[in-house]
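Undergrad: Contents are CSV, C-alpha atoms; file name query37.csv:
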```csv
chain,number,residue,atom,x,y,z
A,236,MET,CA,-62.2,-28.6,-19.7
A,237,ALA,CA,-61.8,-31.5,-22.1
A,238,GLU,CA,-59.7,-29.9,-24.8
A,239,PRO,CA,-57.1,-28.0,-22.8
A,240,GLU,CA,-56.3,-31.1,-20.8
A,241,THR,CA,-55.1,-33.0,-23.8
A,242,ASP,CA,-51.3,-33.3,-24.3
A,243,ASN,CA,-51.5,-31.3,-27.5
A,244,ALA,CA,-53.4,-28.4,-25.8
A,245,GLU,CA,-51.0,-28.4,-22.9
A,246,ALA,CA,-47.9,-28.4,-25.2
A,247,LEU,CA,-49.4,-25.6,-27.3
A,248,MET,CA,-50.2,-23.4,-24.3
A,249,SER,CA,-46.8,-24.0,-22.7
A,250,ALA,CA,-45.0,-23.2,-25.9
A,251,TYR,CA,-47.1,-20.1,-26.3
A,252,LEU,CA,-46.4,-18.9,-22.7
A,253,ASP,CA,-42.7,-19.5,-23.3
A,254,GLU,CA,-42.9,-17.6,-26.6
A,255,GLU,CA,-41.7,-20.6,-28.5
A,256,LEU,CA,-44.7,-21.2,-30.7
A,257,ASP,CA,-44.2,-21.0,-34.5
A,258,ALA,CA,-46.8,-19.7,-37.0
A,259,GLU,CA,-48.4,-23.1,-37.5
A,260,GLY,CA,-48.6,-23.7,-33.8
A,261,LYS,CA,-50.1,-20.2,-33.3
A,262,SER,CA,-52.9,-21.0,-35.8
A,263,LYS,CA,-53.6,-24.3,-34.1
A,264,LEU,CA,-53.8,-22.6,-30.7
A,265,GLU,CA,-56.1,-19.8,-32.1
A,266,ALA,CA,-58.4,-22.5,-33.6
A,267,MET,CA,-58.5,-24.3,-30.2
A,268,LEU,CA,-59.2,-21.0,-28.3
A,269,ALA,CA,-62.0,-20.1,-30.7
A,270,THR,CA,-63.9,-23.2,-29.9
A,271,SER,CA,-63.2,-23.5,-26.2
A,272,PRO,CA,-64.0,-20.8,-23.7
A,273,ALA,CA,-62.5,-23.0,-21.0
A,274,ALA,CA,-59.2,-23.0,-22.8
A,275,GLN,CA,-59.4,-19.2,-23.3
A,276,LYS,CA,-60.0,-18.8,-19.5
A,277,GLU,CA,-57.2,-21.1,-18.6
A,278,LEU,CA,-54.7,-19.3,-20.9
A,279,SER,CA,-55.7,-15.9,-19.6
A,280,GLY,CA,-55.4,-17.1,-16.0
A,281,LEU,CA,-51.9,-18.5,-16.8
A,282,GLN,CA,-50.8,-15.3,-18.4
A,283,ASN,CA,-51.9,-13.2,-15.4
A,284,MET,CA,-50.2,-15.6,-13.0
A,285,LEU,CA,-47.0,-15.5,-15.0
A,286,ARG,CA,-47.1,-11.7,-15.1
A,287,LEU,CA,-47.1,-11.7,-11.3
A,288,VAL,CA,-44.5,-14.4,-10.9
A,289,LYS,CA,-42.1,-12.8,-13.4
A,290,GLY,CA,-42.5,-9.5,-11.5
A,291,LEU,CA,-40.9,-11.0,-8.4
A,292,PRO,CA,-37.7,-9.1,-7.9
A,293,GLU,CA,-34.3,-10.7,-7.5
A,294,GLU,CA,-33.5,-10.5,-3.8
A,295,GLN,CA,-30.2,-9.2,-2.6
A,296,ALA,CA,-28.1,-11.3,-0.2
A,297,PRO,CA,-27.0,-9.4,2.9
A,298,PRO,CA,-23.8,-7.4,2.5
A,299,ASP,CA,-21.9,-9.5,4.9
A,300,PHE,CA,-22.9,-12.8,3.3
A,301,TYR,CA,-19.4,-13.9,2.3
A,302,GLU,CA,-18.0,-13.1,5.7
A,303,LYS,CA,-20.6,-15.3,7.3
A,304,VAL,CA,-19.9,-18.1,4.9
A,305,ALA,CA,-16.1,-17.8,5.6
A,306,LYS,CA,-16.8,-17.7,9.3
A,307,LYS,CA,-18.8,-20.9,9.2
A,308,ILE,CA,-16.2,-22.7,7.1
A,309,ARG,CA,-13.5,-21.6,9.7
A,310,ARG,CA,-15.6,-22.8,12.6
A,311,ARG,CA,-16.3,-26.2,11.0
A,312,ARG,CA,-12.6,-26.7,10.0
A,313,TRP,CA,-11.6,-25.9,13.6
A,314,LEU,CA,-14.2,-28.3,14.9
A,315,ARG,CA,-12.8,-31.0,12.6
A,316,GLY,CA,-9.3,-30.2,13.8
A,317,GLU,CA,-8.1,-28.5,10.7
A,318,TYR,CA,-6.0,-25.4,10.8
A,319,LEU,CA,-8.1,-22.4,11.6
A,320,ILE,CA,-5.6,-20.0,10.1
A,321,ALA,CA,-5.9,-21.4,6.6
A,322,LEU,CA,-9.0,-19.3,5.8
A,323,ALA,CA,-8.6,-16.6,8.3
A,324,LEU,CA,-5.8,-14.9,6.5
A,325,PRO,CA,-5.4,-13.8,3.0
A,326,PHE,CA,-3.4,-15.9,0.6
A,327,GLN,CA,-0.6,-13.4,0.3
A,328,ILE,CA,-0.1,-13.1,4.1
A,329,ILE,CA,0.0,-16.9,4.4
A,330,ASN,CA,2.8,-16.9,1.8
A,331,VAL,CA,4.9,-14.4,3.7
A,332,LEU,CA,4.4,-16.3,6.9
A,333,VAL,CA,5.5,-19.5,5.4
A,334,ILE,CA,8.7,-17.8,4.0
A,335,LEU,CA,9.4,-16.2,7.3
A,336,ALA,CA,9.0,-19.6,9.1
A,337,VAL,CA,11.4,-21.3,6.7
A,338,ALA,CA,13.9,-18.5,7.2
A,339,VAL,CA,13.7,-18.8,11.0
A,340,VAL,CA,14.3,-22.5,10.9
A,341,TYR,CA,17.3,-22.1,8.5
A,342,MET,CA,18.8,-19.5,10.8
A,343,MET,CA,18.3,-21.6,13.9
A,344,LEU,CA,20.1,-24.6,12.2
A,345,HIS,CA,23.0,-22.4,11.2
A,346,LEU,CA,23.5,-20.3,14.4
A,347,ASP,CA,26.7,-22.0,15.4
A,348,VAL,CA,28.3,-21.9,11.9
A,349,ASP,CA,30.3,-18.8,10.7
A,350,VAL,CA,30.1,-17.3,7.3
A,351,ALA,CA,32.8,-19.6,5.9
A,352,GLY,CA,30.8,-22.6,7.2
A,353,ARG,CA,33.1,-23.5,10.1
A,354,LYS,CA,31.6,-24.6,13.3
A,355,LEU,CA,32.2,-21.9,16.0
A,356,GLU,CA,34.1,-22.8,19.1
A,357,ARG,CA,32.6,-22.1,22.5
A,358,ASP,CA,34.1,-18.9,24.0
A,359,PRO,CA,36.3,-20.0,26.9
A,360,THR,CA,36.0,-16.6,28.7
A,361,VAL,CA,32.3,-17.3,29.2
A,362,GLN,CA,33.2,-20.2,31.5
A,363,GLN,CA,35.8,-18.1,33.4
A,364,ALA,CA,33.3,-15.3,34.0
A,365,LYS,CA,31.1,-17.7,36.0
A,366,PRO,CA,30.6,-16.4,39.6
A,367,PRO,CA,32.5,-18.3,42.2
A,368,ALA,CA,30.6,-20.7,44.3
A,369,THR,CA,29.5,-19.1,47.6
A,370,PRO,CA,31.3,-20.6,50.6
A,371,ALA,CA,29.2,-22.6,53.0
A,372,PRO,CA,28.3,-20.7,56.1
B,263,MET,CA,-27.1,-36.0,-6.7
B,264,SER,CA,-25.9,-39.5,-6.6
B,265,GLY,CA,-26.0,-41.1,-3.2
B,266,VAL,CA,-28.6,-38.8,-1.7
B,267,THR,CA,-31.6,-39.8,-3.5
B,268,ASP,CA,-33.7,-41.2,-0.7
B,269,PRO,CA,-36.8,-39.0,-0.8
B,270,GLU,CA,-37.6,-39.7,2.9
B,271,ARG,CA,-34.2,-39.2,4.4
B,272,VAL,CA,-32.7,-35.9,5.5
B,273,TYR,CA,-29.0,-35.8,4.8
B,274,SER,CA,-26.3,-34.0,6.7
B,275,ALA,CA,-24.1,-31.3,5.2
B,276,GLU,CA,-21.1,-33.7,5.2
B,277,GLU,CA,-23.1,-36.2,3.2
B,278,LEU,CA,-24.3,-33.6,0.8
B,279,ALA,CA,-20.8,-32.3,0.3
B,280,ALA,CA,-19.4,-35.9,-0.2
B,281,ALA,CA,-22.2,-36.7,-2.7
B,282,ALA,CA,-22.0,-33.5,-4.7
B,283,PRO,CA,-22.4,-34.6,-8.3
B,284,PRO,CA,-19.6,-34.4,-10.8
B,285,ASP,CA,-20.4,-32.0,-13.7
B,286,GLU,CA,-21.2,-33.5,-17.1
B,287,PRO,CA,-20.0,-32.3,-20.5
B,288,GLU,CA,-22.2,-29.7,-22.1
B,289,PRO,CA,-23.5,-30.1,-25.7
B,290,ALA,CA,-21.8,-27.9,-28.3
B,291,PRO,CA,-23.8,-24.6,-28.9
B,292,ALA,CA,-25.9,-24.3,-32.0
B,293,PRO,CA,-24.1,-23.0,-35.1
B,294,ASP,CA,-23.8,-19.2,-35.1
B,295,GLU,CA,-25.6,-18.7,-38.5
B,296,THR,CA,-28.9,-20.1,-37.1
B,297,LEU,CA,-29.0,-17.7,-34.2
B,298,THR,CA,-30.6,-14.2,-33.9
B,299,PRO,CA,-28.2,-11.3,-32.9
B,300,GLU,CA,-29.7,-11.4,-29.4
B,301,GLN,CA,-29.0,-15.1,-29.0
B,302,ARG,CA,-25.5,-14.6,-30.3
B,303,ALA,CA,-24.9,-11.8,-27.7
B,304,GLU,CA,-26.4,-14.0,-25.0
B,305,ASN,CA,-24.1,-17.0,-26.0
B,306,ALA,CA,-21.1,-14.7,-26.0
B,307,ARG,CA,-22.0,-13.4,-22.5
B,308,ARG,CA,-22.4,-17.0,-21.2
B,309,ALA,CA,-19.2,-18.1,-22.8
B,310,GLU,CA,-17.3,-15.2,-21.1
B,311,GLN,CA,-19.0,-16.0,-17.7
B,312,ASP,CA,-18.1,-19.7,-18.1
B,313,ARG,CA,-14.5,-18.9,-18.9
B,314,ARG,CA,-14.3,-16.7,-15.9
B,315,ASP,CA,-15.9,-19.3,-13.6
B,316,ARG,CA,-13.5,-22.0,-14.8
B,317,GLN,CA,-10.5,-19.7,-14.0
B,318,LEU,CA,-11.9,-19.0,-10.5
B,319,VAL,CA,-12.6,-22.7,-9.9
B,320,ARG,CA,-9.0,-23.6,-10.9
B,321,ARG,CA,-7.7,-21.0,-8.5
B,322,LEU,CA,-10.0,-22.2,-5.7
B,323,LYS,CA,-8.7,-25.8,-6.2
B,324,GLN,CA,-5.2,-24.5,-5.7
B,325,GLY,CA,-6.3,-23.0,-2.4
B,326,ASP,CA,-6.8,-19.4,-3.4
B,327,GLU,CA,-9.4,-18.0,-1.0
B,328,ALA,CA,-9.8,-14.8,-3.0
B,329,ALA,CA,-11.2,-16.9,-5.9
B,330,PHE,CA,-13.8,-18.4,-3.5
B,331,ARG,CA,-14.7,-14.9,-2.4
B,332,GLU,CA,-15.3,-13.9,-6.0
B,333,LEU,CA,-17.4,-16.9,-6.8
B,334,VAL,CA,-19.6,-16.2,-3.8
B,335,HIS,CA,-20.0,-12.6,-4.7
B,336,THR,CA,-20.9,-13.5,-8.3
B,337,TYR,CA,-23.6,-16.0,-7.3
B,338,GLN,CA,-24.8,-15.0,-3.8
B,339,ASN,CA,-27.8,-13.0,-4.9
B,340,ARG,CA,-29.1,-15.6,-7.4
B,341,ILE,CA,-28.7,-18.4,-4.9
B,342,PHE,CA,-30.1,-16.4,-2.0
B,343,SER,CA,-33.1,-15.4,-4.2
B,344,LEU,CA,-33.6,-19.0,-5.2
B,345,MET,CA,-33.7,-20.1,-1.6
B,346,LEU,CA,-36.0,-17.3,-0.5
B,347,ARG,CA,-38.5,-18.2,-3.3
B,348,MET,CA,-38.3,-21.9,-2.4
B,349,ILE,CA,-38.5,-21.6,1.4
B,350,GLY,CA,-40.3,-18.3,1.9
B,351,ASN,CA,-38.4,-17.3,5.0
B,352,ARG,CA,-35.5,-14.8,4.8
B,353,GLN,CA,-33.5,-16.1,7.7
B,354,GLU,CA,-33.8,-19.7,6.6
B,355,ALA,CA,-33.0,-18.7,3.0
B,356,GLU,CA,-29.8,-17.0,4.1
B,357,ASP,CA,-28.7,-19.9,6.2
B,358,LEU,CA,-29.4,-22.3,3.3
B,359,ALA,CA,-27.6,-20.2,0.7
B,360,GLN,CA,-24.6,-20.1,3.0
B,361,GLU,CA,-24.8,-23.9,3.3
B,362,VAL,CA,-24.7,-24.2,-0.5
B,363,PHE,CA,-21.5,-22.3,-0.7
B,364,ILE,CA,-19.9,-24.2,2.1
B,365,ILE,CA,-20.8,-27.5,0.3
B,366,VAL,CA,-19.3,-26.0,-2.9
B,367,TYR,CA,-16.1,-25.1,-1.0
B,368,ARG,CA,-15.7,-28.6,0.3
B,369,ALA,CA,-16.8,-30.4,-2.8
B,370,ILE,CA,-15.1,-28.3,-5.4
B,371,GLY,CA,-12.9,-31.3,-6.2
B,372,ASN,CA,-16.0,-33.0,-7.7
B,373,TYR,CA,-16.4,-30.3,-10.3
B,374,ARG,CA,-14.2,-31.4,-13.2
B,375,GLY,CA,-14.7,-28.3,-15.4
B,376,GLU,CA,-16.4,-30.2,-18.2
B,377,GLY,CA,-19.8,-28.6,-17.7
B,378,ARG,CA,-20.8,-25.2,-16.7
B,379,PHE,CA,-20.0,-24.2,-13.1
B,380,TYR,CA,-23.3,-22.3,-13.0
B,381,THR,CA,-25.5,-25.4,-13.6
B,382,TRP,CA,-23.4,-27.5,-11.2
B,383,LEU,CA,-23.8,-24.9,-8.5
B,384,TYR,CA,-27.6,-24.9,-9.1
B,385,ARG,CA,-27.7,-28.7,-8.8
B,386,VAL,CA,-26.0,-28.5,-5.5
B,387,ALA,CA,-28.4,-25.7,-4.5
B,388,SER,CA,-31.5,-27.5,-5.5
B,389,ASN,CA,-30.5,-30.7,-3.8
B,390,THR,CA,-29.6,-28.8,-0.6
B,391,CYS,CA,-32.8,-27.0,-0.7
B,392,LYS,CA,-35.0,-30.1,-1.2
B,393,ASN,CA,-33.1,-31.7,1.7
B,394,ARG,CA,-33.8,-28.8,4.0
B,395,ILE,CA,-37.5,-28.7,3.0
B,396,LYS,CA,-37.7,-32.4,4.1
B,397,TYR,CA,-36.0,-31.5,7.4
B,398,LEU,CA,-38.3,-28.5,8.0
B,399,LYS,CA,-41.4,-30.6,7.1
B,400,GLY,CA,-40.2,-33.1,9.7
B,401,ARG,CA,-39.9,-30.4,12.3
B,402,ASN,CA,-43.3,-28.9,11.4
B,403,PHE,CA,-41.7,-25.7,10.3
B,404,HIS,CA,-44.2,-22.9,9.7
B,405,ARG,CA,-43.1,-20.3,7.2
B,406,SER,CA,-43.0,-16.8,8.7
B,407,LEU,CA,-43.4,-14.6,5.6
B,408,ASP,CA,-44.2,-11.4,7.3
B,409,ILE,CA,-47.4,-11.2,5.4
B,410,ASP,CA,-50.2,-8.8,6.3
B,411,GLU,CA,-52.5,-11.0,8.1
B,412,THR,CA,-55.4,-8.6,8.5
B,413,PRO,CA,-58.7,-10.0,7.1
B,414,GLN,CA,-58.9,-7.1,4.6
B,415,ALA,CA,-55.4,-8.0,3.3
B,416,GLN,CA,-56.6,-11.6,2.7
B,417,MET,CA,-59.8,-10.7,0.8
B,418,PRO,CA,-60.0,-11.8,-2.8
B,419,ALA,CA,-59.6,-9.3,-5.6
B,420,ALA,CA,-63.3,-8.9,-6.2
B,421,GLU,CA,-63.7,-7.3,-2.7
B,422,THR,CA,-60.5,-5.3,-2.4
B,423,GLY,CA,-59.8,-4.5,-6.1
B,424,ALA,CA,-56.4,-6.2,-6.0
B,425,VAL,CA,-54.2,-5.5,-9.1
B,426,ILE,CA,-52.5,-8.2,-11.0
B,427,THR,CA,-49.2,-6.5,-11.2
B,428,PHE,CA,-47.1,-5.5,-8.2
B,429,GLN,CA,-47.3,-1.9,-8.9
B,430,SER,CA,-50.0,0.0,-10.6
B,431,GLN,CA,-49.3,2.1,-13.8
B,432,VAL,CA,-50.0,5.2,-11.7
B,433,PRO,CA,-47.2,5.4,-9.1
B,434,GLY,CA,-48.2,6.4,-5.6
B,435,PRO,CA,-48.1,5.2,-2.0
B,436,GLU,CA,-51.3,3.0,-2.5
B,437,ALA,CA,-49.9,1.4,-5.6
B,438,VAL,CA,-46.6,0.7,-3.8
B,439,THR,CA,-48.4,-0.8,-0.8
B,440,GLU,CA,-50.7,-2.9,-3.0
B,441,GLY,CA,-47.7,-4.1,-5.0
B,442,MET,CA,-45.9,-5.2,-1.8
B,443,ARG,CA,-49.0,-6.9,-0.6
B,444,MET,CA,-49.3,-8.9,-3.9
B,445,GLU,CA,-45.7,-9.8,-3.9
B,446,LYS,CA,-46.1,-11.3,-0.4
B,447,ILE,CA,-49.2,-13.2,-1.5
B,448,VAL,CA,-47.4,-14.6,-4.6
B,449,GLN,CA,-44.4,-15.6,-2.4
B,450,ARG,CA,-46.7,-17.3,0.1
B,451,GLU,CA,-48.6,-19.2,-2.5
B,452,LEU,CA,-45.5,-20.2,-4.4
B,453,ALA,CA,-43.9,-21.5,-1.2
B,454,ALA,CA,-47.0,-23.6,-0.6
B,455,LEU,CA,-46.6,-25.6,-3.8
B,456,ASP,CA,-45.1,-29.0,-4.0
B,457,PRO,CA,-41.3,-28.6,-3.8
B,458,ASP,CA,-40.7,-30.1,-7.3
B,459,HIS,CA,-43.3,-27.8,-8.8
B,460,ARG,CA,-41.9,-24.8,-6.8
B,461,LEU,CA,-38.4,-25.5,-8.1
B,462,LEU,CA,-39.5,-25.5,-11.7
B,463,ILE,CA,-41.5,-22.3,-11.5
B,464,VAL,CA,-38.7,-20.5,-9.7
B,465,LEU,CA,-36.0,-21.6,-12.1
B,466,ARG,CA,-38.0,-21.0,-15.3
B,467,ASP,CA,-40.4,-18.2,-14.5
B,468,VAL,CA,-38.8,-16.3,-11.7
B,469,GLN,CA,-35.1,-16.7,-12.6
B,470,GLY,CA,-35.7,-17.0,-16.3
B,471,MET,CA,-33.5,-20.0,-17.0
B,472,SER,CA,-33.5,-21.8,-20.3
B,473,TYR,CA,-35.0,-25.3,-20.6
B,474,GLN,CA,-31.5,-26.7,-21.4
B,475,ASP,CA,-30.1,-25.4,-18.1
B,476,ILE,CA,-33.1,-26.7,-16.1
B,477,ILE,CA,-32.7,-30.1,-17.7
B,478,LYS,CA,-29.0,-30.1,-16.5
B,479,ILE,CA,-30.0,-29.0,-13.0
B,480,THR,CA,-32.9,-31.3,-12.4
B,481,GLY,CA,-31.9,-34.3,-14.6
B,482,LEU,CA,-35.5,-34.4,-16.1
B,483,GLN,CA,-36.2,-35.3,-19.7
B,484,GLU,CA,-37.4,-32.3,-21.8
B,485,GLY,CA,-41.0,-33.7,-22.2
B,486,THR,CA,-41.3,-34.5,-18.5
B,487,LEU,CA,-40.0,-31.1,-17.6
B,488,LYS,CA,-42.4,-29.2,-19.8
B,489,SER,CA,-45.4,-31.3,-18.7
B,490,ARG,CA,-44.5,-30.9,-15.0
B,491,LEU,CA,-43.9,-27.2,-15.4
B,492,HIS,CA,-47.3,-26.8,-17.0
B,493,ARG,CA,-48.9,-28.6,-14.1
B,494,ALA,CA,-47.0,-26.5,-11.7
B,495,ARG,CA,-48.2,-23.3,-13.4
B,496,LEU,CA,-51.8,-24.5,-13.3
B,497,ALA,CA,-51.5,-25.3,-9.6
B,498,LEU,CA,-50.1,-21.8,-8.9
B,499,LYS,CA,-52.8,-20.2,-11.0
B,500,GLU,CA,-55.5,-22.0,-9.0
B,501,ARG,CA,-53.9,-20.7,-5.8
B,502,LEU,CA,-53.6,-17.1,-7.0
B,503,GLU,CA,-56.9,-16.8,-8.8
B,504,PRO,CA,-58.8,-15.4,-5.8
B,505,PHE,CA,-56.4,-12.5,-5.6
B,506,MET,CA,-56.4,-11.7,-9.3
B,507,ARG,CA,-58.9,-9.5,-11.1
```
As structure tokens, how would this structure be written, given the file I've shared?
TA:
Amino acid sequence: MAEPETDNAEALMSAYLDEELDAEGKSKLEAMLATSPAAQKELSGLQNMLRLVKGLPEEQAPPDFYEKVAKKIRRRRWLRGEYLIALALPFQIINVLVILAVAVVYMMLHLDVDVAGRKLERDPTVQQAKPPATPAP
Amino acid sequence: MSGVTDPERVYSAEELAAAAPPDEPEPAPAPDETLTPEQRAENARRAEQDRRDRQLVRRLKQGDEAAFRELVHTYQNRIFSLMLRMIGNRQEAEDLAQEVFIIVYRAIGNYRGEGRFYTWLYRVASNTCKNRIKYLKGRNFHRSLDIDETPQAQMPAAETGAVITFQSQVPGPEAVTEGMRMEKIVQRELAALDPDHRLLIVLRDVQGMSYQDIIKITGLQEGTLKSRLHRARLALKERLEPFMR
């Protein structure tokens, strides 16, 4: 197949298969095909092959694909010592948890301060209520 | 992918994530008046998809897991399909497609939003896939394609009357069976091609990508790409000829 192996023949055939050939290119290709049965055979074979390849369907990923990806990310973050919870929970829940954590810390820091900001005294009756020490036998 | 270009070496997922390429600015689209109505509609659809992707990537960079979920759902079928056509084994393809999204999750900082997310994702996917092919080759992996291995199923078209489309024009159980058989044969022969040839055929002829997108993904010059694709098509034609009428 001398003719179709030239760069020009290759470019013409490729452009034709890609439906990118203009009128001038088409006449050149037709002229080439008219004189070369080998080129005709090659083009026909390529067209048949492309029909088969283009008929391959798009495959669907499994329905739990994202869950598997997220699980692998969690596992690797955990193995690398990162926080497991970061991906395990939805963003909104993480926000609520952070707010709750800040609120708890704030309350702990202000447990011994009254509404007016004064430090509360220890209740003296608590000490009095202590049980008396048991006498030695 | 810069930094993972050694053709002999198999890289780890960490190395692939660390070396995920930055995106490059895309050329401006052709002026509207030179386009056909179909091309205009396609450009509008692409622009909308790109805008949506950029928003999702911005949210992902801020730590929004829901954005990552949406990106995965948007592209999971295309990436899984790419991997299946490249590797030829469903389980391996699923594992590899998952790996691609894990790398995207970890390397999203490398994506600057100047180019299309779509082509950046495919660059990550094709590099990950080539890397896995090297690894599997080293381990003498045999593809298990679930192909009908009976001698009759392997006979050329001249003896069995194989059709050249997956399903005959006249629907029926035989046509469906024959279509499935041919699909498996095409998949098997495709997966037997040289990985570079395989990638070009899958991107261009199976997934229907434009040359411009393939240039972005593979980094090839246009002339080299077209010439290599032609050789890939000829190689696949040679392999499929015994099964075509």
Undergrad: Distance table requested - chain A against chain B, cut-off 10 Å, all atoms listed in the file: one row per qualifying residue with the closest atom pair and its distance in Å to one decimal, ordered by chain and rising residue number, as JSON lines.
TA:
```
{"residue": "A:Asp242", "atom": "CA", "partner": "B:Ser489", "partner_atom": "CA", "distance": 8.4}
{"residue": "A:Glu245", "atom": "CA", "partner": "B:His492", "partner_atom": "CA", "distance": 7.1}
{"residue": "A:Ala246", "atom": "CA", "partner": "B:Ser489", "partner_atom": "CA", "distance": 7.5}
{"residue": "A:Met248", "atom": "CA", "partner": "B:His492", "partner_atom": "CA", "distance": 8.6}
{"residue": "A:Ser249", "atom": "CA", "partner": "B:His492", "partner_atom": "CA", "distance": 6.4}
{"residue": "A:Ala250", "atom": "CA", "partner": "B:Lys488", "partner_atom": "CA", "distance": 8.9}
{"residue": "A:Leu252", "atom": "CA", "partner": "B:His492", "partner_atom": "CA", "distance": 9.8}
{"residue": "A:Asp253", "atom": "CA", "partner": "B:Asp467", "partner_atom": "CA", "distance": 9.2}
{"residue": "A:Glu277", "atom": "CA", "partner": "B:Leu496", "partner_atom": "CA", "distance": 8.3}
{"residue": "A:Leu278", "atom": "CA", "partner": "B:Leu496", "partner_atom": "CA", "distance": 9.7}
{"residue": "A:Gly280", "atom": "CA", "partner": "B:Lys499", "partner_atom": "CA", "distance": 6.4}
{"residue": "A:Leu281", "atom": "CA", "partner": "B:Lys499", "partner_atom": "CA", "distance": 6.1}
{"residue": "A:Gln282", "atom": "CA", "partner": "B:Lys499", "partner_atom": "CA", "distance": 9.1}
{"residue": "A:Asn283", "atom": "CA", "partner": "B:Ile426", "partner_atom": "CA", "distance": 6.7}
{"residue": "A:Met284", "atom": "CA", "partner": "B:Lys499", "partner_atom": "CA", "distance": 5.6}
{"residue": "A:Leu285", "atom": "CA", "partner": "B:Asp467", "partner_atom": "CA", "distance": 7.1}
{"residue": "A:Arg286", "atom": "CA", "partner": "B:Thr427", "partner_atom": "CA", "distance": 6.8}
{"residue": "A:Leu287", "atom": "CA", "partner": "B:Thr427", "partner_atom": "CA", "distance": 5.6}
{"residue": "A:Val288", "atom": "CA", "partner": "B:Val468", "partner_atom": "CA", "distance": 6.1}
{"residue": "A:Lys289", "atom": "CA", "partner": "B:Val468", "partner_atom": "CA", "distance": 5.1}
{"residue": "A:Gly290", "atom": "CA", "partner": "B:Phe428", "partner_atom": "CA", "distance": 6.9}
{"residue": "A:Leu291", "atom": "CA", "partner": "B:Val468", "partner_atom": "CA", "distance": 6.6}
{"residue": "A:Pro292", "atom": "CA", "partner": "B:Val468", "partner_atom": "CA", "distance": 8.2}
{"residue": "A:Glu293", "atom": "CA", "partner": "B:Ser343", "partner_atom": "CA", "distance": 5.9}
{"residue": "A:Glu294", "atom": "CA", "partner": "B:Ser343", "partner_atom": "CA", "distance": 4.9}
{"residue": "A:Gln295", "atom": "CA", "partner": "B:Asn339", "partner_atom": "CA", "distance": 5.0}
{"residue": "A:Ala296", "atom": "CA", "partner": "B:Asn339", "partner_atom": "CA", "distance": 5.0}
{"residue": "A:Pro297", "atom": "CA", "partner": "B:Glu356", "partner_atom": "CA", "distance": 8.2}
{"residue": "A:Pro298", "atom": "CA", "partner": "B:His335", "partner_atom": "CA", "distance": 9.7}
{"residue": "A:Phe300", "atom": "CA", "partner": "B:Gln360", "partner_atom": "CA", "distance": 7.5}
{"residue": "A:Tyr301", "atom": "CA", "partner": "B:Val334", "partner_atom": "CA", "distance": 6.5}
{"residue": "A:Glu302", "atom": "CA", "partner": "B:Arg331", "partner_atom": "CA", "distance": 8.9}
{"residue": "A:Lys303", "atom": "CA", "partner": "B:Gln360", "partner_atom": "CA", "distance": 7.6}
{"residue": "A:Val304", "atom": "CA", "partner": "B:Gln360", "partner_atom": "CA", "distance": 5.4}
{"residue": "A:Ala305", "atom": "CA", "partner": "B:Ile364", "partner_atom": "CA", "distance": 8.2}
{"residue": "A:Lys307", "atom": "CA", "partner": "B:Ile364", "partner_atom": "CA", "distance": 7.9}
{"residue": "A:Ile308", "atom": "CA", "partner": "B:Ile364", "partner_atom": "CA", "distance": 6.4}
{"residue": "A:Arg311", "atom": "CA", "partner": "B:Ile364", "partner_atom": "CA", "distance": 9.8}
{"residue": "A:Ala321", "atom": "CA", "partner": "B:Glu327", "partner_atom": "CA", "distance": 9.0}
{"residue": "A:Leu322", "atom": "CA", "partner": "B:Glu327", "partner_atom": "CA", "distance": 6.9}
{"residue": "A:Ala323", "atom": "CA", "partner": "B:Glu327", "partner_atom": "CA", "distance": 9.4}
{"residue": "A:Leu324", "atom": "CA", "partner": "B:Glu327", "partner_atom": "CA", "distance": 8.9}
{"residue": "A:Pro325", "atom": "CA", "partner": "B:Glu327", "partner_atom": "CA", "distance": 7.0}
{"residue": "A:Phe326", "atom": "CA", "partner": "B:Asp326", "partner_atom": "CA", "distance": 6.3}
{"residue": "A:Gln327", "atom": "CA", "partner": "B:Asp326", "partner_atom": "CA", "distance": 9.4}
```
Undergrad: What separation in Å, quoted to one decimal, exists between atom CA of B:Pro504 and atom CA of B:Glu440?
TA: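 Separation of atom CA of B:Pro504 and atom CA of B:Glu440: 15.2 Å.
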Undergrad: Expressed in Å to a single decimal, how great is the separation between atom CA of B:Leu358 and atom CA of B:Thr390?
TA: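 These atoms are spaced 7.6 Å apart.
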Undergrad: Have a look at B:Ala437, B:Tyr373, B:Thr381, B:Ile349 and name the one nearest to B:Leu398; count all atoms listed in the file.
TA: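 Of all the options, B:Ile349 lies closest to B:Leu398.
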Undergrad: Mind giving me the straight-line distance from atom CA of A:Ile334 to atom CA of A:Asp347 in Å, one decimal?
TA: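 Between atom CA of A:Ile334 and atom CA of A:Asp347 the gap is 21.7 Å.
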Undergrad: Is it possible to get the residues within 10 Å of (-43.3, -30.6, -6.6) (coordinates as in the file, counting all atoms listed in the file) written as a list in words?
TA: Lys392, Ala454, Leu455, Asp456, Pro457, Asp458, His459, Arg460, Leu461, Leu462, Ile463, Arg490, Leu491, Arg493 and Ala494 of chain B
Undergrad: Keeping only C-alpha atoms, write those residues as a tab-separated table (two decimals), in the frame of the given file.
TA:
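Okay, part.tsv is ready:
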```tsv
chain	number	residue	atom	x	y	z
B	392	LYS	CA	-35.00	-30.10	-1.20
B	454	ALA	CA	-47.00	-23.60	-0.60
B	455	LEU	CA	-46.60	-25.60	-3.80
B	456	ASP	CA	-45.10	-29.00	-4.00
B	457	PRO	CA	-41.30	-28.60	-3.80
B	458	ASP	CA	-40.70	-30.10	-7.30
B	459	HIS	CA	-43.30	-27.80	-8.80
B	460	ARG	CA	-41.90	-24.80	-6.80
B	461	LEU	CA	-38.40	-25.50	-8.10
B	462	LEU	CA	-39.50	-25.50	-11.70
B	463	ILE	CA	-41.50	-22.30	-11.50
B	490	ARG	CA	-44.50	-30.90	-15.00
B	491	LEU	CA	-43.90	-27.20	-15.40
B	493	ARG	CA	-48.90	-28.60	-14.10
B	494	ALA	CA	-47.00	-26.50	-11.70
```
